[in-house]
$ cat final_28.cif   # mmCIF, C-alpha atoms and all ligand atoms
data_work
#
loop_
_atom_site.group_PDB
_atom_site.id
_atom_site.type_symbol
_atom_site.label_atom_id
_atom_site.label_comp_id
_atom_site.auth_asym_id
_atom_site.auth_seq_id
_atom_site.Cartn_x
_atom_site.Cartn_y
_atom_site.Cartn_z
ATOM 1 C CA MET A 1 0.000 0.000 0.000
ATOM 2 C CA THR A 2 1.177 3.477 -0.770
ATOM 3 C CA GLU A 3 0.088 6.657 0.848
ATOM 4 C CA LEU A 4 1.081 10.248 0.637
ATOM 5 C CA GLN A 5 2.798 11.346 3.832
ATOM 6 C CA ASN A 6 3.195 15.125 3.689
ATOM 7 C CA VAL A 7 3.746 17.996 1.299
ATOM 8 C CA LEU A 8 7.462 18.701 0.932
ATOM 9 C CA VAL A 9 7.331 21.562 -1.574
ATOM 10 C CA HIS A 10 4.202 23.680 -1.988
ATOM 11 C CA LYS A 11 2.842 24.872 -5.330
ATOM 12 C CA GLU A 12 3.753 28.501 -4.602
ATOM 13 C CA ALA A 13 7.376 27.606 -3.771
ATOM 14 C CA LEU A 14 7.659 25.657 -7.041
ATOM 15 C CA GLN A 15 6.202 28.561 -9.044
ATOM 16 C CA GLN A 16 8.532 31.048 -7.379
ATOM 17 C CA ARG A 17 11.656 28.937 -8.004
ATOM 18 C CA VAL A 18 10.671 28.212 -11.632
ATOM 19 C CA ARG A 19 10.293 31.953 -12.191
ATOM 20 C CA GLU A 20 13.779 32.593 -10.754
ATOM 21 C CA LEU A 21 15.335 29.855 -12.897
ATOM 22 C CA GLY A 22 13.633 31.311 -15.982
ATOM 23 C CA THR A 23 15.073 34.729 -15.165
ATOM 24 C CA ASP A 24 18.595 33.294 -14.717
ATOM 25 C CA ILE A 25 18.377 31.302 -17.963
ATOM 26 C CA SER A 26 16.986 34.296 -19.886
ATOM 27 C CA ARG A 27 19.911 36.423 -18.673
ATOM 28 C CA ASP A 28 22.623 33.793 -19.303
ATOM 29 C CA TYR A 29 21.479 32.811 -22.809
ATOM 30 C CA ALA A 30 20.356 36.207 -24.123
ATOM 31 C CA GLY A 31 21.172 36.462 -27.848
ATOM 32 C CA LYS A 32 22.015 32.736 -28.063
ATOM 33 C CA ASP A 33 20.369 29.828 -29.876
ATOM 34 C CA LEU A 34 19.011 27.643 -27.071
ATOM 35 C CA VAL A 35 17.268 24.264 -27.181
ATOM 36 C CA LEU A 36 15.561 22.901 -24.057
ATOM 37 C CA ILE A 37 15.523 19.102 -23.891
ATOM 38 C CA GLY A 38 13.127 17.639 -21.321
ATOM 39 C CA ILE A 39 13.655 14.129 -19.980
ATOM 40 C CA LEU A 40 10.358 12.226 -20.088
ATOM 41 C CA LYS A 41 8.145 11.603 -18.361
ATOM 42 C CA GLY A 42 9.075 13.300 -15.099
ATOM 43 C CA ALA A 43 10.243 16.618 -16.520
ATOM 44 C CA ALA A 44 7.099 17.268 -18.598
ATOM 45 C CA VAL A 45 5.403 19.439 -15.960
ATOM 46 C CA PHE A 46 8.521 21.461 -15.067
ATOM 47 C CA MET A 47 9.380 21.891 -18.753
ATOM 48 C CA ALA A 48 5.941 23.341 -19.508
ATOM 49 C CA ASP A 49 6.288 25.858 -16.671
ATOM 50 C CA LEU A 50 9.947 26.720 -17.271
ATOM 51 C CA MET A 51 9.688 27.468 -21.001
ATOM 52 C CA ARG A 52 7.034 30.107 -20.299
ATOM 53 C CA GLU A 53 9.432 31.919 -17.934
ATOM 54 C CA ILE A 54 12.089 32.340 -20.640
ATOM 55 C CA SER A 55 11.950 35.730 -22.287
ATOM 56 C CA PHE A 56 13.069 34.871 -25.845
ATOM 57 C CA PRO A 57 12.194 32.136 -28.392
ATOM 58 C CA VAL A 58 13.734 28.737 -27.591
ATOM 59 C CA GLY A 59 13.591 25.345 -29.296
ATOM 60 C CA ILE A 60 12.148 22.469 -27.303
ATOM 61 C CA ASP A 61 12.352 18.702 -27.571
ATOM 62 C CA PHE A 62 11.947 15.649 -25.356
ATOM 63 C CA MET A 63 13.701 12.365 -24.887
ATOM 64 C CA ALA A 64 13.064 9.230 -22.854
ATOM 65 C CA VAL A 65 15.883 7.157 -21.376
ATOM 66 C CA SER A 66 16.381 4.211 -19.083
ATOM 67 C CA SER A 67 19.555 3.190 -17.309
ATOM 68 C CA TYR A 68 21.434 -0.071 -17.476
ATOM 69 C CA GLY A 69 21.480 -1.958 -14.181
ATOM 70 C CA THR A 70 20.970 -0.413 -10.775
ATOM 71 C CA ALA A 71 22.389 2.815 -9.377
ATOM 72 C CA ALA A 72 24.957 0.755 -7.482
ATOM 73 C CA THR A 73 26.252 -1.101 -10.536
ATOM 74 C CA THR A 74 25.668 1.213 -13.471
ATOM 75 C CA SER A 75 28.389 3.187 -15.176
ATOM 76 C CA GLY A 76 25.726 5.746 -15.959
ATOM 77 C CA ALA A 77 25.273 4.479 -19.491
ATOM 78 C CA VAL A 78 21.710 4.992 -20.587
ATOM 79 C CA ILE A 79 19.487 3.447 -23.239
ATOM 80 C CA ILE A 80 17.746 6.078 -25.330
ATOM 81 C CA LYS A 81 14.138 4.884 -25.593
ATOM 82 C CA LYS A 82 12.947 7.973 -27.457
ATOM 83 C CA ASP A 83 15.440 10.308 -29.081
ATOM 84 C CA ILE A 84 15.071 13.975 -29.982
ATOM 85 C CA ASP A 85 14.387 14.887 -33.606
ATOM 86 C CA THR A 86 16.008 18.324 -33.386
ATOM 87 C CA ASP A 87 19.413 19.039 -34.935
ATOM 88 C CA ILE A 88 21.410 20.380 -31.974
ATOM 89 C CA ARG A 89 24.764 20.795 -33.772
ATOM 90 C CA GLY A 90 26.201 24.232 -33.098
ATOM 91 C CA ARG A 91 23.416 25.093 -30.648
ATOM 92 C CA HIS A 92 23.300 25.502 -26.862
ATOM 93 C CA VAL A 93 21.516 22.646 -25.089
ATOM 94 C CA LEU A 94 19.853 22.853 -21.683
ATOM 95 C CA LEU A 95 18.811 19.463 -20.276
ATOM 96 C CA VAL A 96 15.653 19.824 -18.189
ATOM 97 C CA GLU A 97 15.157 17.226 -15.461
ATOM 98 C CA ASP A 98 12.653 16.630 -12.677
ATOM 99 C CA LEU A 99 15.112 15.406 -10.054
ATOM 100 C CA ILE A 100 18.837 14.736 -9.851
ATOM 101 C CA ASP A 101 19.644 11.869 -7.572
ATOM 102 C CA THR A 102 22.906 9.983 -8.241
ATOM 103 C CA GLY A 103 23.580 12.237 -11.242
ATOM 104 C CA LEU A 104 24.619 9.244 -13.364
ATOM 105 C CA THR A 105 21.913 9.704 -16.007
ATOM 106 C CA LEU A 106 22.670 13.384 -16.533
ATOM 107 C CA LYS A 107 26.423 12.928 -16.577
ATOM 108 C CA HIS A 108 26.007 10.452 -19.417
ATOM 109 C CA LEU A 109 23.528 12.635 -21.308
ATOM 110 C CA LYS A 110 25.761 15.680 -20.996
ATOM 111 C CA GLU A 111 28.632 13.777 -22.635
ATOM 112 C CA HIS A 112 26.274 12.352 -25.249
ATOM 113 C CA PHE A 113 25.155 15.817 -26.415
ATOM 114 C CA LEU A 114 28.656 17.271 -26.334
ATOM 115 C CA ASN A 115 29.777 14.363 -28.554
ATOM 116 C CA SER A 116 26.789 15.079 -30.829
ATOM 117 C CA GLY A 117 28.084 18.570 -31.594
ATOM 118 C CA ALA A 118 26.237 20.851 -29.170
ATOM 119 C CA LEU A 119 28.067 24.129 -28.509
ATOM 120 C CA SER A 120 27.426 23.770 -24.796
ATOM 121 C CA VAL A 121 25.379 21.499 -22.534
ATOM 122 C CA ARG A 122 24.080 22.547 -19.136
ATOM 123 C CA ILE A 123 21.667 20.970 -16.678
ATOM 124 C CA CYS A 124 18.541 22.432 -15.093
ATOM 125 C CA THR A 125 16.577 20.492 -12.488
ATOM 126 C CA ILE A 126 13.664 21.528 -10.329
ATOM 127 C CA LEU A 127 14.541 19.099 -7.492
ATOM 128 C CA ASN A 128 17.996 18.082 -6.306
ATOM 129 C CA LYS A 129 19.061 15.416 -3.798
ATOM 130 C CA PRO A 130 22.769 16.308 -3.362
ATOM 131 C CA SER A 131 23.210 13.766 -0.549
ATOM 132 C CA ARG A 132 22.684 10.946 -3.081
ATOM 133 C CA ARG A 133 25.250 12.077 -5.661
ATOM 134 C CA LEU A 134 27.583 9.428 -7.129
ATOM 135 C CA ALA A 135 28.610 11.093 -10.392
ATOM 136 C CA ASP A 136 30.750 14.194 -10.551
ATOM 137 C CA VAL A 137 28.397 16.338 -12.621
ATOM 138 C CA GLU A 138 27.844 20.068 -12.479
ATOM 139 C CA VAL A 139 24.206 21.177 -12.116
ATOM 140 C CA GLU A 140 24.221 24.764 -13.343
ATOM 141 C CA TYR A 141 20.565 25.495 -12.566
ATOM 142 C CA SER A 142 19.421 23.753 -9.398
ATOM 143 C CA GLY A 143 15.870 24.427 -8.239
ATOM 144 C CA ILE A 144 15.152 23.175 -4.735
ATOM 145 C CA GLU A 145 17.357 20.901 -2.626
ATOM 146 C CA ILE A 146 15.449 18.134 -0.872
ATOM 147 C CA PRO A 147 16.438 15.437 1.642
ATOM 148 C CA ASP A 148 16.777 11.767 0.685
ATOM 149 C CA GLU A 149 13.060 10.953 0.656
ATOM 150 C CA PHE A 150 11.051 9.333 -2.124
ATOM 151 C CA VAL A 151 8.867 12.041 -3.595
ATOM 152 C CA VAL A 152 5.998 12.279 -6.085
ATOM 153 C CA GLY A 153 4.026 15.018 -7.782
ATOM 154 C CA TYR A 154 4.926 17.884 -10.126
ATOM 155 C CA GLY A 155 5.729 15.242 -12.771
ATOM 156 C CA LEU A 156 7.293 12.610 -10.493
ATOM 157 C CA ASP A 157 5.596 9.256 -10.046
ATOM 158 C CA TYR A 158 5.252 6.217 -7.874
ATOM 159 C CA ALA A 159 4.242 3.284 -10.141
ATOM 160 C CA GLU A 160 3.113 5.831 -12.774
ATOM 161 C CA GLN A 161 0.750 7.516 -10.349
ATOM 162 C CA TYR A 162 0.672 10.991 -8.786
ATOM 163 C CA ARG A 163 2.463 12.851 -11.611
ATOM 164 C CA ASN A 164 -0.462 15.279 -11.788
ATOM 165 C CA LEU A 165 -0.228 16.490 -8.178
ATOM 166 C CA PRO A 166 0.544 20.220 -8.183
ATOM 167 C CA GLU A 167 2.819 19.931 -5.100
ATOM 168 C CA VAL A 168 5.743 17.632 -4.253
ATOM 169 C CA TRP A 169 4.795 15.021 -1.653
ATOM 170 C CA VAL A 170 6.766 12.486 0.387
ATOM 171 C CA VAL A 171 5.476 8.964 -0.139
ATOM 172 C CA LYS A 172 5.092 6.419 2.623
ATOM 173 C CA THR A 173 5.464 2.938 1.163
ATOM 174 C CA GLY A 174 3.918 -0.227 2.622
ATOM 175 C CA GLU A 175 7.242 -1.849 3.508
ATOM 176 C CA GLU A 176 8.254 0.885 5.928
HETATM 177 P P1 LIG B 1 19.912 9.781 -11.354
HETATM 178 O O1 LIG B 1 20.660 9.252 -12.520
HETATM 179 O O2 LIG B 1 20.270 11.185 -10.969
HETATM 180 O O3 LIG B 1 18.402 9.703 -11.815
HETATM 181 O O4 LIG B 1 20.031 8.848 -10.164
HETATM 182 C C1 LIG B 1 17.437 10.580 -11.357
HETATM 183 C C2 LIG B 1 16.104 9.980 -11.729
HETATM 184 O O5 LIG B 1 15.731 9.006 -10.755
HETATM 185 C C3 LIG B 1 14.350 9.094 -10.496
HETATM 186 N N1 LIG B 1 14.139 9.380 -9.071
HETATM 187 C C4 LIG B 1 12.952 9.553 -8.491
HETATM 188 N N2 LIG B 1 11.707 9.495 -8.997
HETATM 189 N N3 LIG B 1 10.818 10.056 -6.885
HETATM 190 C C5 LIG B 1 10.641 9.742 -8.184
HETATM 191 O O6 LIG B 1 9.504 9.700 -8.623
HETATM 192 C C6 LIG B 1 12.032 10.123 -6.289
HETATM 193 O O7 LIG B 1 12.141 10.431 -5.101
HETATM 194 C C7 LIG B 1 13.158 9.862 -7.153
HETATM 195 N N4 LIG B 1 14.507 9.856 -6.936
HETATM 196 C C8 LIG B 1 15.075 9.553 -8.138
HETATM 197 C C9 LIG B 1 13.832 10.228 -11.332
HETATM 198 O O8 LIG B 1 13.230 9.694 -12.492
HETATM 199 C C10 LIG B 1 15.016 11.037 -11.705
HETATM 200 O O9 LIG B 1 14.866 11.655 -12.958
HETATM 201 MG MG MG B 2 13.278 11.327 -14.575
#
$ encode --input "final_28.cif" --output "structure tokens" --more "lines below"
Ligand code: XMP
Ligand code: MG
Amino acid sequence: MTELQNVLVHKEALQQRVRELGTDISRDYAGKDLVLIGILKGAAVFMADLMREISFPVGIDFMAVSSYGTAATTSGAVIIKKDIDTDIRGRHVLLVEDLIDTGLTLKHLKEHFLNSGALSVRICTILNKPSRRLADVEVEYSGIEIPDEFVVGYGLDYAEQYRNLPEVWVVKTGEE
């Protein structure tokens, strides 16, 4: 059985932080050709909010990935389940993620897009669990730091449920 335990990040705090990130990104990339790449499915909600806080036209695309093995055994290599169909060569790429945990997925994706000819690749996440980091990866735009709790809502799921919650909640699982 799964139940929601408590709200960890309220809707207003998410909106406020997304606005600030949009302002930072708008300032840093002014006059540049920027493509936002959202990692499905979790980043869909954040991506929709973030793009509307950027003050100039940007390209957008989405990809879906899954990792090989477990966090403990993986090298961070990922399988691309759905690739982008945008040509990113010579353009600035901003990877948009729901949550950075070990950082292994994003480290791999950053290298992947640099090898594919992007001018630059940075990472933007709405939630960040720095205590769980395994990979040495720079997160240039970090939204809200959270403790090591399993969370759902604002795009994040438990067994494909709860993505539509407007706040971030801590989940209490049956085994605990
Ligand atoms: P990395 O490679 O940074 O992967 O370990 C981060 C991805 O792991 C998932 N993840 C979670 N998903 N609640 C979720 O719904 C969580 O608390 C959680 N922690 C990690 C998520 O897909 C994220 O993109
Ligand atoms: Mg994800």
$ closest_residue --input "final_28.cif" --among "A:Ala44, A:Leu8, A:Ile37, A:Val170" --to "Asp87 of chain A" --atoms "all atoms listed in the file"
A:Ile37
$ residues_near_ligand --input "final_28.cif" --ligand "ligand MG 2 (chain B)" --cutoff "8 Å" --atoms "all atoms listed in the file" --output "PyMOL selection string"
chain A and resi 39-43+97-99+156
$ atom_distance --input "final_28.cif" --atom1 "atom O1 of ligand LIG 1 (chain B)" --atom2 "atom CA of Ile144 of chain A"
16.9 Å
$ residues_around --input "final_28.cif" --residues "Ile100 of chain A" --least-positions-apart "3" --cutoff "9 Å" --atoms "all atoms listed in the file" --output "short mmCIF file (atom, residue, chain, number, x, y, z; two decimals) with C-alpha atoms, in the coordinates of the input"
data_model
loop_
_atom_site.label_atom_id
_atom_site.label_comp_id
_atom_site.auth_asym_id
_atom_site.auth_seq_id
_atom_site.Cartn_x
_atom_site.Cartn_y
_atom_site.Cartn_z
CA GLU A 97 15.16 17.23 -15.46
CA GLY A 103 23.58 12.24 -11.24
CA LEU A 104 24.62 9.24 -13.36
CA THR A 105 21.91 9.70 -16.01
CA LEU A 106 22.67 13.38 -16.53
CA THR A 125 16.58 20.49 -12.49
CA ILE A 126 13.66 21.53 -10.33
CA LEU A 127 14.54 19.10 -7.49
CA ASN A 128 18.00 18.08 -6.31
CA LYS A 129 19.06 15.42 -3.80
CA PRO A 130 22.77 16.31 -3.36
CA ARG A 132 22.68 10.95 -3.08
CA ARG A 133 25.25 12.08 -5.66
CA VAL A 139 24.21 21.18 -12.12
#
$ closest_residue --input "final_28.cif" --among "A:Val9, A:Ala118, A:Ala77, A:Leu94" --to "ligand LIG 1 (chain B)" --atoms "only C-alpha atoms and all ligand atoms"
A:Ala77
$ closest_residue --input "final_28.cif" --among "A:Gly38, A:Phe56, A:Gly117, A:Gly143" --to "ligand LIG 1 (chain B)" --atoms "all atoms listed in the file"
A:Gly38
$ resolve_selection --input "final_28.cif" --expression "the PyMOL selection byres (((chain A and resi 112) around 12) and not hetatm)" --output "MDAnalysis selection string"
chainID A and resid 76:80 83 88 93 95 105:111 113:118 120:121
$ closest_residue --input "final_28.cif" --among "A:Arg19, A:Arg163, A:Arg27, A:Arg52" --to "ligand LIG 1 (chain B)" --atoms "all atoms listed in the file"
A:Arg163
$ closest_residue --input "final_28.cif" --among "A:Val35, A:His10, A:Gln5, A:Ser55" --to "Gly22 of chain A" --atoms "all atoms listed in the file"
A:Ser55
$ build_atoms --input "final_28.cif" --residues "segment 136-160 of chain A" --atoms "N, CA and C atoms" --output "short mmCIF file (atom, residue, chain, number, x, y, z; two decimals), keeping the file's coordinate frame"
data_model
loop_
_atom_site.label_atom_id
_atom_site.label_comp_id
_atom_site.auth_asym_id
_atom_site.auth_seq_id
_atom_site.Cartn_x
_atom_site.Cartn_y
_atom_site.Cartn_z
N ASP A 136 30.22 12.84 -10.66
CA ASP A 136 30.75 14.19 -10.55
C ASP A 136 30.19 14.99 -11.74
N VAL A 137 29.05 15.62 -11.53
CA VAL A 137 28.40 16.34 -12.62
C VAL A 137 27.93 17.70 -12.11
N GLU A 138 28.23 18.72 -12.89
CA GLU A 138 27.84 20.07 -12.48
C GLU A 138 26.38 20.32 -12.83
N VAL A 139 25.61 20.83 -11.88
CA VAL A 139 24.21 21.18 -12.12
C VAL A 139 24.13 22.70 -12.08
N GLU A 140 24.10 23.30 -13.26
CA GLU A 140 24.22 24.76 -13.34
C GLU A 140 22.98 25.48 -12.82
N TYR A 141 21.81 24.88 -13.03
CA TYR A 141 20.56 25.50 -12.57
C TYR A 141 19.85 24.49 -11.67
N SER A 142 20.00 24.68 -10.36
CA SER A 142 19.42 23.75 -9.40
C SER A 142 18.25 24.43 -8.69
N GLY A 143 17.08 23.82 -8.78
CA GLY A 143 15.87 24.43 -8.24
C GLY A 143 15.81 24.39 -6.73
N ILE A 144 15.37 23.28 -6.17
CA ILE A 144 15.15 23.18 -4.74
C ILE A 144 15.84 21.91 -4.23
N GLU A 145 16.68 22.06 -3.21
CA GLU A 145 17.36 20.90 -2.63
C GLU A 145 16.41 20.22 -1.65
N ILE A 146 16.33 18.89 -1.76
CA ILE A 146 15.45 18.13 -0.87
C ILE A 146 16.25 17.02 -0.19
N PRO A 147 15.75 16.54 0.96
CA PRO A 147 16.44 15.44 1.64
C PRO A 147 16.22 14.13 0.89
N ASP A 148 16.87 13.06 1.35
CA ASP A 148 16.78 11.77 0.68
C ASP A 148 15.47 11.07 1.06
N GLU A 149 14.39 11.55 0.46
CA GLU A 149 13.06 10.95 0.66
C GLU A 149 12.52 10.63 -0.72
N PHE A 150 11.67 9.60 -0.83
CA PHE A 150 11.05 9.33 -2.12
C PHE A 150 9.87 10.28 -2.30
N VAL A 151 9.89 11.01 -3.40
CA VAL A 151 8.87 12.04 -3.60
C VAL A 151 8.09 11.82 -4.89
N VAL A 152 6.87 12.34 -4.90
CA VAL A 152 6.00 12.28 -6.08
C VAL A 152 5.34 13.64 -6.29
N GLY A 153 4.75 13.79 -7.46
CA GLY A 153 4.03 15.02 -7.78
C GLY A 153 4.87 15.94 -8.64
N TYR A 154 4.26 16.94 -9.23
CA TYR A 154 4.93 17.88 -10.13
C TYR A 154 5.73 17.10 -11.18
N GLY A 155 5.11 16.05 -11.72
CA GLY A 155 5.73 15.24 -12.77
C GLY A 155 6.30 13.92 -12.31
N LEU A 156 6.66 13.83 -11.02
CA LEU A 156 7.29 12.61 -10.49
C LEU A 156 6.23 11.59 -10.09
N ASP A 157 6.58 10.32 -10.27
CA ASP A 157 5.60 9.26 -10.05
C ASP A 157 6.03 8.23 -9.02
N TYR A 158 5.02 7.50 -8.54
CA TYR A 158 5.25 6.22 -7.87
C TYR A 158 4.37 5.24 -8.64
N ALA A 159 4.98 4.23 -9.31
CA ALA A 159 4.24 3.28 -10.14
C ALA A 159 3.31 4.00 -11.12
N GLU A 160 3.84 5.06 -11.75
CA GLU A 160 3.11 5.83 -12.77
C GLU A 160 1.90 6.59 -12.23
#
